[in-house]
$ cat protein19.csv   # CSV, C-alpha atoms and all ligand atoms
chain,number,residue,atom,x,y,z
A,6,MET,CA,119.8,95.1,95.0
A,7,VAL,CA,119.3,97.4,97.9
A,8,LYS,CA,122.3,99.2,99.4
A,9,LYS,CA,123.1,99.2,103.1
A,10,ILE,CA,121.5,102.3,104.5
A,11,GLU,CA,124.2,104.8,105.5
A,12,ASN,CA,123.3,108.1,103.8
A,13,VAL,CA,119.7,109.4,104.3
A,14,THR,CA,118.3,112.4,102.6
A,15,LEU,CA,115.1,114.3,103.6
A,16,VAL,CA,113.3,116.0,100.8
A,17,GLY,CA,111.3,118.8,102.4
A,18,THR,CA,112.3,119.8,105.9
A,19,GLY,CA,109.2,121.4,107.4
A,20,ILE,CA,107.6,120.2,110.6
A,21,LEU,CA,107.9,116.5,109.8
A,22,GLY,CA,111.0,116.3,107.6
A,23,ALA,CA,113.1,118.2,110.1
A,24,GLN,CA,112.1,115.7,112.9
A,25,ILE,CA,113.0,112.7,110.7
A,26,ALA,CA,116.3,114.4,109.9
A,27,MET,CA,117.0,114.8,113.6
A,28,LEU,CA,116.2,111.2,114.3
A,29,ALA,CA,118.4,109.9,111.4
A,30,ALA,CA,121.3,112.1,112.6
A,31,ASN,CA,120.8,110.9,116.2
A,32,ALA,CA,121.0,107.3,115.0
A,33,GLY,CA,124.3,108.0,113.3
A,34,TYR,CA,123.2,108.2,109.6
A,35,LYS,CA,124.9,110.7,107.4
A,36,THR,CA,121.9,113.0,107.0
A,37,THR,CA,121.1,115.6,104.4
A,38,ALA,CA,118.2,118.0,104.5
A,39,TYR,CA,117.0,119.3,101.1
A,40,ASP,CA,114.5,122.1,100.9
A,41,PRO,CA,114.1,124.8,98.3
A,42,ILE,CA,114.1,127.3,101.2
A,43,SER,CA,117.7,127.6,102.3
A,44,ASN,CA,117.3,127.6,106.0
A,45,ALA,CA,114.1,125.5,106.3
A,46,PHE,CA,115.7,122.8,108.5
A,47,THR,CA,117.2,125.3,111.0
A,48,ALA,CA,114.0,127.4,111.1
A,49,THR,CA,111.9,124.3,111.8
A,50,TYR,CA,114.4,123.1,114.4
A,51,LYS,CA,114.1,126.4,116.3
A,52,LYS,CA,110.2,126.1,116.2
A,53,LEU,CA,110.3,122.5,117.4
A,54,TYR,CA,112.8,123.2,120.1
A,55,ALA,CA,110.8,126.2,121.5
A,56,ASP,CA,107.5,124.3,121.2
A,57,LEU,CA,108.6,121.1,123.0
A,58,LYS,CA,110.6,123.0,125.7
A,59,GLU,CA,107.6,125.2,126.5
A,60,LYS,CA,105.3,122.2,126.8
A,61,GLY,CA,107.7,120.4,129.1
A,62,VAL,CA,107.8,117.4,126.7
A,63,ASN,CA,110.3,114.6,127.3
A,64,PRO,CA,111.5,114.2,123.7
A,65,LEU,CA,112.6,111.1,121.9
A,66,ILE,CA,116.1,112.6,121.5
A,67,PRO,CA,117.5,113.8,124.8
A,68,TRP,CA,117.8,117.6,125.0
A,69,GLU,CA,121.6,117.4,125.4
A,70,SER,CA,121.9,115.7,122.0
A,71,TRP,CA,119.7,118.2,120.1
A,72,GLU,CA,122.5,120.6,119.0
A,73,THR,CA,124.8,117.8,118.0
A,74,CYS,CA,122.1,116.3,115.8
A,75,ARG,CA,121.2,119.7,114.4
A,76,ASP,CA,124.8,120.4,113.5
A,77,ALA,CA,125.3,116.9,112.0
A,78,VAL,CA,122.5,117.5,109.4
A,79,LEU,CA,123.9,118.9,106.2
A,80,GLN,CA,121.5,121.5,104.6
A,81,GLU,CA,121.2,121.5,100.7
A,82,THR,CA,119.2,123.6,98.3
A,83,ASP,CA,120.4,121.6,95.2
A,84,LEU,CA,118.4,118.4,94.9
A,85,GLY,CA,121.0,116.6,92.7
A,86,LYS,CA,123.7,117.2,95.3
A,87,ALA,CA,121.4,116.3,98.2
A,88,VAL,CA,120.6,112.8,96.8
A,89,ARG,CA,123.6,111.8,94.7
A,90,ASP,CA,124.9,109.5,97.4
A,91,ALA,CA,121.6,108.7,99.1
A,92,ASP,CA,120.8,105.1,100.1
A,93,LEU,CA,117.4,106.2,101.5
A,94,VAL,CA,115.4,109.3,100.5
A,95,ILE,CA,112.3,110.3,102.5
A,96,GLU,CA,110.0,112.7,100.8
A,97,ALA,CA,108.2,115.1,103.2
A,98,VAL,CA,106.9,117.8,100.9
A,99,PRO,CA,103.3,119.3,101.2
A,100,GLU,CA,100.4,116.8,100.8
A,101,ASN,CA,99.8,117.4,97.1
A,102,ILE,CA,99.7,114.5,94.7
A,103,GLU,CA,101.0,116.5,91.7
A,104,LEU,CA,103.9,117.9,93.7
A,105,LYS,CA,104.8,114.5,95.2
A,106,ASN,CA,104.8,112.9,91.7
A,107,LYS,CA,107.0,115.7,90.4
A,108,VAL,CA,109.4,115.0,93.3
A,109,PHE,CA,109.4,111.2,92.7
A,110,ALA,CA,110.1,111.7,89.0
A,111,GLU,CA,113.1,113.9,90.0
A,112,LEU,CA,114.3,111.3,92.5
A,113,GLY,CA,114.1,108.6,89.9
A,114,GLN,CA,116.5,110.6,87.8
A,115,LYS,CA,118.9,111.9,90.4
A,116,THR,CA,119.3,109.1,93.0
A,117,PRO,CA,121.7,106.2,92.7
A,118,ALA,CA,120.1,103.0,91.2
A,119,GLY,CA,119.8,101.1,94.5
A,120,ALA,CA,118.4,103.9,96.6
A,121,ILE,CA,115.1,103.3,98.5
A,122,LEU,CA,112.5,106.1,97.9
A,123,ALA,CA,110.0,106.6,100.7
A,124,SER,CA,107.1,109.0,101.2
A,125,ASN,CA,106.1,110.4,104.5
A,126,SER,CA,102.6,111.3,103.1
A,127,SER,CA,99.8,111.0,105.7
A,128,SER,CA,97.2,109.9,103.2
A,129,LEU,CA,98.6,109.1,99.8
A,130,PRO,CA,99.6,105.5,99.2
A,131,ILE,CA,102.9,105.0,97.4
A,132,SER,CA,101.1,103.3,94.5
A,133,LYS,CA,100.0,106.8,93.5
A,134,MET,CA,103.6,108.0,93.2
A,135,GLU,CA,105.8,104.9,92.5
A,136,VAL,CA,105.4,105.0,88.7
A,137,SER,CA,106.8,108.5,88.4
A,138,SER,CA,110.0,107.3,90.0
A,139,GLY,CA,110.6,104.8,87.2
A,140,ARG,CA,111.5,102.2,89.8
A,141,PRO,CA,108.4,101.2,91.8
A,142,GLU,CA,110.1,98.2,93.3
A,143,ASN,CA,112.2,100.5,95.5
A,144,CYS,CA,109.3,102.7,96.7
A,145,LEU,CA,107.3,102.5,99.9
A,146,ASN,CA,105.4,104.6,102.5
A,147,ILE,CA,107.3,105.3,105.7
A,148,HIS,CA,104.9,107.5,107.7
A,149,PHE,CA,106.0,109.2,110.9
A,150,TYR,CA,103.8,110.8,113.4
A,151,PHE,CA,105.3,113.5,115.7
A,152,PRO,CA,108.4,111.5,116.6
A,153,LEU,CA,110.4,114.1,118.6
A,154,GLN,CA,107.5,114.5,120.9
A,155,GLY,CA,107.8,110.8,121.7
A,156,VAL,CA,105.2,109.4,119.2
A,157,ASN,CA,107.6,106.9,117.9
A,158,MET,CA,105.4,104.6,115.9
A,159,VAL,CA,105.9,104.6,112.2
A,160,ASP,CA,103.6,103.1,109.5
A,161,ILE,CA,105.3,101.2,106.8
A,162,MET,CA,103.5,100.1,103.6
A,163,GLY,CA,104.6,98.9,100.2
A,164,GLY,CA,103.2,99.7,96.8
A,165,THR,CA,102.3,97.4,93.9
A,166,LYS,CA,105.9,96.2,93.2
A,167,THR,CA,107.9,96.9,96.4
A,168,THR,CA,110.3,94.1,97.0
A,169,SER,CA,110.4,92.3,100.3
A,170,GLU,CA,114.1,93.3,100.5
A,171,VAL,CA,113.1,97.0,100.4
A,172,MET,CA,110.3,96.5,103.0
A,173,GLN,CA,112.7,94.7,105.3
A,174,ALA,CA,115.4,97.4,104.9
A,175,GLY,CA,112.7,100.1,105.7
A,176,TYR,CA,111.5,98.1,108.7
A,177,ASP,CA,115.0,97.6,110.1
A,178,TRP,CA,115.8,101.3,109.6
A,179,ILE,CA,112.7,102.4,111.5
A,180,ILE,CA,113.8,100.2,114.4
A,181,SER,CA,117.4,101.6,114.2
A,182,LEU,CA,115.9,105.1,114.9
A,183,GLY,CA,114.3,103.9,118.2
A,184,CYS,CA,110.9,103.7,116.6
A,185,VAL,CA,108.2,101.0,116.4
A,186,PRO,CA,107.2,99.9,112.8
A,187,LEU,CA,103.5,99.4,112.2
A,188,LYS,CA,103.5,97.1,109.1
A,189,VAL,CA,100.6,97.3,106.7
A,190,ASN,CA,100.2,94.0,104.8
A,191,LYS,CA,98.0,95.3,101.9
A,192,GLU,CA,97.3,98.8,100.7
A,193,ILE,CA,94.8,100.8,102.7
A,194,LEU,CA,94.3,104.6,102.9
A,195,GLY,CA,95.5,105.9,106.3
A,196,PHE,CA,97.9,102.9,106.9
A,197,CYS,CA,97.7,101.2,110.3
A,198,PHE,CA,97.1,103.9,112.9
A,199,ASN,CA,96.4,107.0,110.9
A,200,ASN,CA,93.2,105.3,109.8
A,201,VAL,CA,92.0,105.3,113.4
A,202,TRP,CA,93.1,108.9,114.0
A,203,ARG,CA,91.5,109.9,110.7
A,204,ALA,CA,88.1,108.4,111.7
A,205,ILE,CA,88.2,110.4,115.0
A,206,LYS,CA,89.3,113.6,113.1
A,207,ARG,CA,86.5,113.3,110.5
A,208,GLN,CA,83.9,112.7,113.1
A,209,VAL,CA,84.8,115.7,115.4
A,210,LEU,CA,85.2,118.0,112.3
A,211,TYR,CA,81.7,116.9,111.3
A,212,THR,CA,80.1,117.6,114.8
A,213,TRP,CA,81.9,120.9,115.2
A,214,GLY,CA,81.6,122.0,111.5
A,215,ASN,CA,77.9,121.5,111.5
A,216,GLY,CA,77.3,123.3,114.8
A,217,PHE,CA,76.5,120.4,117.0
A,218,VAL,CA,79.2,120.9,119.5
A,219,ASP,CA,81.9,123.4,120.5
A,220,PHE,CA,85.4,122.1,119.7
A,221,ARG,CA,86.4,122.6,123.3
A,222,ASP,CA,83.8,120.1,124.5
A,223,ALA,CA,84.9,117.6,122.0
A,224,ASP,CA,88.5,117.9,123.3
A,225,ARG,CA,87.3,117.8,126.9
A,226,GLY,CA,85.5,114.6,126.3
A,227,TRP,CA,88.5,113.1,124.6
A,228,CYS,CA,90.9,114.1,127.3
A,229,ILE,CA,88.8,112.8,130.1
A,230,PHE,CA,88.1,109.5,128.3
A,231,THR,CA,91.6,108.8,127.1
A,232,LYS,CA,93.6,110.6,129.9
A,233,MET,CA,95.5,112.4,127.1
A,234,LYS,CA,96.6,116.0,127.6
A,235,GLU,CA,95.4,117.2,124.2
A,236,GLY,CA,92.2,116.5,122.3
A,237,PRO,CA,91.7,116.1,118.6
A,238,PHE,CA,91.3,119.8,117.9
A,239,ALA,CA,94.5,120.6,119.8
A,240,LEU,CA,96.3,117.9,117.8
A,241,MET,CA,95.0,119.3,114.5
A,242,ASP,CA,96.3,122.7,115.5
A,243,LYS,CA,99.7,121.1,116.0
A,244,VAL,CA,99.6,119.3,112.6
A,245,GLY,CA,98.6,122.5,110.9
A,246,LEU,CA,95.0,123.2,109.7
A,247,ASP,CA,96.2,123.6,106.1
A,248,VAL,CA,97.8,120.2,106.2
A,249,VAL,CA,94.7,118.7,107.9
A,250,TYR,CA,92.6,120.2,105.1
A,251,ASP,CA,94.8,118.8,102.3
A,252,ILE,CA,94.8,115.4,104.0
A,253,GLU,CA,91.0,115.4,104.3
A,254,MET,CA,90.7,116.5,100.7
A,255,SER,CA,92.8,113.5,99.6
A,256,TYR,CA,90.4,111.2,101.4
A,257,TYR,CA,87.5,112.9,99.8
A,258,ASN,CA,89.1,112.8,96.3
A,259,ASP,CA,89.5,109.1,96.8
A,260,SER,CA,86.0,108.3,98.1
A,261,LYS,CA,83.9,111.1,96.7
A,262,ASP,CA,81.7,110.6,99.8
A,263,PRO,CA,80.3,114.0,100.8
A,264,LYS,CA,80.7,113.0,104.4
A,265,ASP,CA,84.5,113.0,103.8
A,266,PHE,CA,84.4,116.6,102.6
A,267,PRO,CA,86.1,118.9,105.2
A,268,PRO,CA,83.7,121.5,106.7
A,269,ASP,CA,83.6,125.0,105.2
A,270,ALA,CA,84.3,126.4,108.6
A,271,LEU,CA,87.8,124.8,108.5
A,272,LEU,CA,88.5,126.4,105.1
A,273,LYS,CA,87.4,129.8,106.4
A,274,MET,CA,89.8,129.5,109.3
A,275,ILE,CA,92.6,128.7,106.9
A,276,LYS,CA,91.7,131.7,104.7
A,277,ARG,CA,91.9,133.9,107.7
A,278,GLY,CA,95.5,132.6,108.3
A,279,GLU,CA,94.5,130.6,111.3
A,280,LEU,CA,96.7,127.6,110.7
A,281,GLY,CA,97.2,126.3,114.2
A,282,VAL,CA,100.4,126.4,116.3
A,283,LYS,CA,102.6,127.6,113.5
A,284,SER,CA,100.6,130.8,112.9
A,285,GLY,CA,99.9,131.4,116.6
A,286,LYS,CA,96.1,130.7,116.2
A,287,GLY,CA,94.0,127.9,115.1
A,288,PHE,CA,91.2,126.4,117.2
A,289,TYR,CA,93.2,127.6,120.2
A,290,THR,CA,95.5,130.6,120.6
A,291,TYR,CA,99.3,130.1,121.2
A,292,PRO,CA,101.6,130.0,123.1
A,293,ASN,CA,99.2,129.6,126.0
A,294,PRO,CA,96.2,127.6,124.7
A,295,GLU,CA,93.4,127.3,127.1
A,296,PHE,CA,93.5,123.5,127.2
A,297,LEU,CA,96.8,123.7,129.1
A,298,ASP,CA,95.0,125.6,131.9
A,299,PRO,CA,93.9,123.3,134.8
A,300,SER,CA,90.4,124.9,134.6
A,301,PHE,CA,89.9,123.5,131.1
A,302,LEU,CA,89.0,120.1,132.6
A,303,ASN,CA,87.8,121.4,135.9
A,304,PRO,CA,84.9,123.9,135.7
A,305,LYS,CA,84.9,124.2,139.5
A,306,ILE,CA,88.4,125.9,139.3
A,307,ALA,CA,87.1,128.2,136.6
A,308,GLY,CA,84.3,129.2,139.0
A,309,LYS,CA,81.6,128.1,136.6
B,401,LIG,N1,102.3,117.9,110.0
B,401,LIG,C1,102.1,116.6,110.5
B,401,LIG,O1,101.8,116.4,111.7
B,401,LIG,C2,102.4,115.4,109.7
B,401,LIG,C3,102.4,114.1,110.3
B,401,LIG,C4,102.7,113.0,109.5
B,401,LIG,C5,103.0,113.2,108.1
B,401,LIG,N2,102.9,114.4,107.5
B,401,LIG,C6,103.1,114.5,106.1
B,401,LIG,O2,104.4,115.0,105.9
B,401,LIG,C7,104.5,115.7,104.7
B,401,LIG,C8,105.0,117.1,105.0
B,401,LIG,O3,104.1,117.7,106.0
B,401,LIG,P1,104.7,118.9,106.9
B,401,LIG,O4,103.6,119.1,108.0
B,401,LIG,O5,106.1,118.6,107.3
B,401,LIG,O6,104.6,120.1,105.9
B,401,LIG,P2,105.3,121.5,106.0
B,401,LIG,O7,104.5,122.4,105.2
B,401,LIG,O8,105.7,121.8,107.4
B,401,LIG,O9,106.8,121.3,105.3
B,401,LIG,C9,106.9,121.0,103.9
B,401,LIG,C10,108.3,121.4,103.4
B,401,LIG,O10,108.4,121.0,102.1
B,401,LIG,C11,109.1,122.1,101.4
B,401,LIG,N3,108.9,122.0,100.0
B,401,LIG,C12,107.9,122.5,99.2
B,401,LIG,N4,108.1,122.1,97.9
B,401,LIG,C13,109.2,121.3,97.9
B,401,LIG,C14,109.8,120.6,96.9
B,401,LIG,N5,109.4,120.7,95.6
B,401,LIG,N6,110.9,119.9,97.2
B,401,LIG,C15,111.3,119.8,98.4
B,401,LIG,N7,110.7,120.5,99.5
B,401,LIG,C16,109.7,121.2,99.2
B,401,LIG,C17,108.6,123.4,102.0
B,401,LIG,O11,109.6,124.4,101.8
B,401,LIG,C18,108.5,123.0,103.5
B,401,LIG,O12,109.7,123.2,104.2
B,401,LIG,C19,103.0,115.7,104.1
B,401,LIG,O13,102.9,114.7,103.2
B,401,LIG,C20,102.2,115.4,105.3
B,401,LIG,O14,101.0,114.7,105.0
B,401,LIG,C21,102.6,115.5,108.3

$ encode --input "protein19.csv" --output "structure tokens" --more "lines below"
Ligand SMILES: NC(=O)c1ccc[n+]([C@@H]2O[C@H](COP(=O)([O-])OP(=O)(O)OC[C@H]3O[C@@H](n4cnc5c(N)ncnc54)[C@H](O)[C@@H]3O)[C@@H](O)[C@H]2O)c1
Amino acid sequence: MVKKIENVTLVGTGILGAQIAMLAANAGYKTTAYDPISNAFTATYKKLYADLKEKGVNPLIPWESWETCRDAVLQETDLGKAVRDADLVIEAVPENIELKNKVFAELGQKTPAGAILASNSSSLPISKMEVSSGRPENCLNIHFYFPLQGVNMVDIMGGTKTTSEVMQAGYDWIISLGCVPLKVNKEILGFCFNNVWRAIKRQVLYTWGNGFVDFRDADRGWCIFTKMKEGPFALMDKVGLDVVYDIEMSYYNDSKDPKDFPPDALLKMIKRGELGVKSGKGFYTYPNPEFLDPSFLNPKIAGK
């Protein structure tokens, strides 16, 4: 029997977990942010605030509500305390299957019996973690994109034993946040939309990583064709190149297809500490990446 969702706990409050915590607080859920780093939620909040303000983004939560939402989120560094009253737990720890299984095992022991256990993983289906929890029927994937920036679609996918009641509760909860659920009917890597994004990402990493094109031209082509303001490489900078690498590796580990293996050039960037927006440099340099300059898509302005 699934409990009515009132108390929501985020486990891992880095770039995604913090955004989900904000959305949950904004929708009136009693929200707890657990992270082994004591001020992780506040630190990420500050980064998100600065980043979206600077970009002039119109966020999903109105600016005037940000502080109220931030203050409503209870921060915890003790997992047992953070989840003891939870009705819904969303795991958003780094994309590592061993770590996620460890977390699901702990959640199985420390959460109340009826709690729903969700993973925000970008690439790992819940079927790879559900057994560790000891209650696979309560587990599912609830995968957010960059919600505070207005990307309010959310993939939802069950595992091998997820009950229809749990799926429905997750589906309704997503809607209650002001988001759009994208339901996956049978398990597939990459869910509904991440699959499409992943195909684009793999292809541009291949053409750049093998020296066929400069990443800027791949982004220019994308922006002109789709009318978006950021191309795939700019988006990868935002996600974090270490996170992108881990996600690509999980696809490779699943398929063992050499074409799925992320390019060496990406790993070299990561080893140099070039992780994207969060480190100030990735494919572009921040806070003023060249793709924001009007000359990026207009060589006439650049005088070329
Ligand atoms: N970055 C993105 O754009 C994006 C988008 C969608 C989904 N995701 C997924 O969300 C998850 C988190 O990604 P992120 O980008 O927020 O990562 P992140 O590195 O920004 O944050 C991870 C957080 O988890 C914490 N953590 C580490 N070990 C922990 C543990 N044992 N228990 C609790 N917390 C722990 C870290 O201290 C950190 O605050 C990943 O599964 C990723 O695939 C990321």

$ closest_residue --input "protein19.csv" --among "A:Asp40, A:Glu295, A:Asp265, A:Asp177" --to "ligand LIG 401 (chain B)" --atoms "only C-alpha atoms and all ligand atoms"
A:Asp40

$ residues_near_ligand --input "protein19.csv" --ligand "ligand LIG 401 (chain B)" --cutoff "7 Å" --atoms "all atoms listed in the file" --output "PyMOL selection string"
chain A and resi 16-22+39-42+45+97-100+104+108+125-128+148-151+243-245+248+252

$ closest_residue --input "protein19.csv" --among "A:Asp224, A:Glu96, A:Asp90, A:Asp251" --to "A:Ser124" --atoms "all atoms listed in the file"
A:Glu96

$ closest_atom_pairs --input "protein19.csv" --of "stretch 155-177 of chain A" --to "stretch 61-70 of chain A" --cutoff "12 Å" --atoms "all atoms listed in the file" --output "Markdown table"
| residue | atom | partner | partner_atom | distance |
| --- | --- | --- | --- | --- |
| A:Gly155 | CA | A:Leu65 | CA | 4.8 |
| A:Val156 | CA | A:Leu65 | CA | 8.1 |
| A:Asn157 | CA | A:Leu65 | CA | 7.7 |
| A:Met158 | CA | A:Leu65 | CA | 11.4 |

$ atom_distance --input "protein19.csv" --atom1 "atom CA of A:Gly139" --atom2 "atom CA of A:Trp178"
23.3 Å

$ closest_residue --input "protein19.csv" --among "A:Ile25, A:Cys184, A:Ala270, A:Leu145" --to "A:Ser169" --atoms "all atoms listed in the file"
A:Leu145
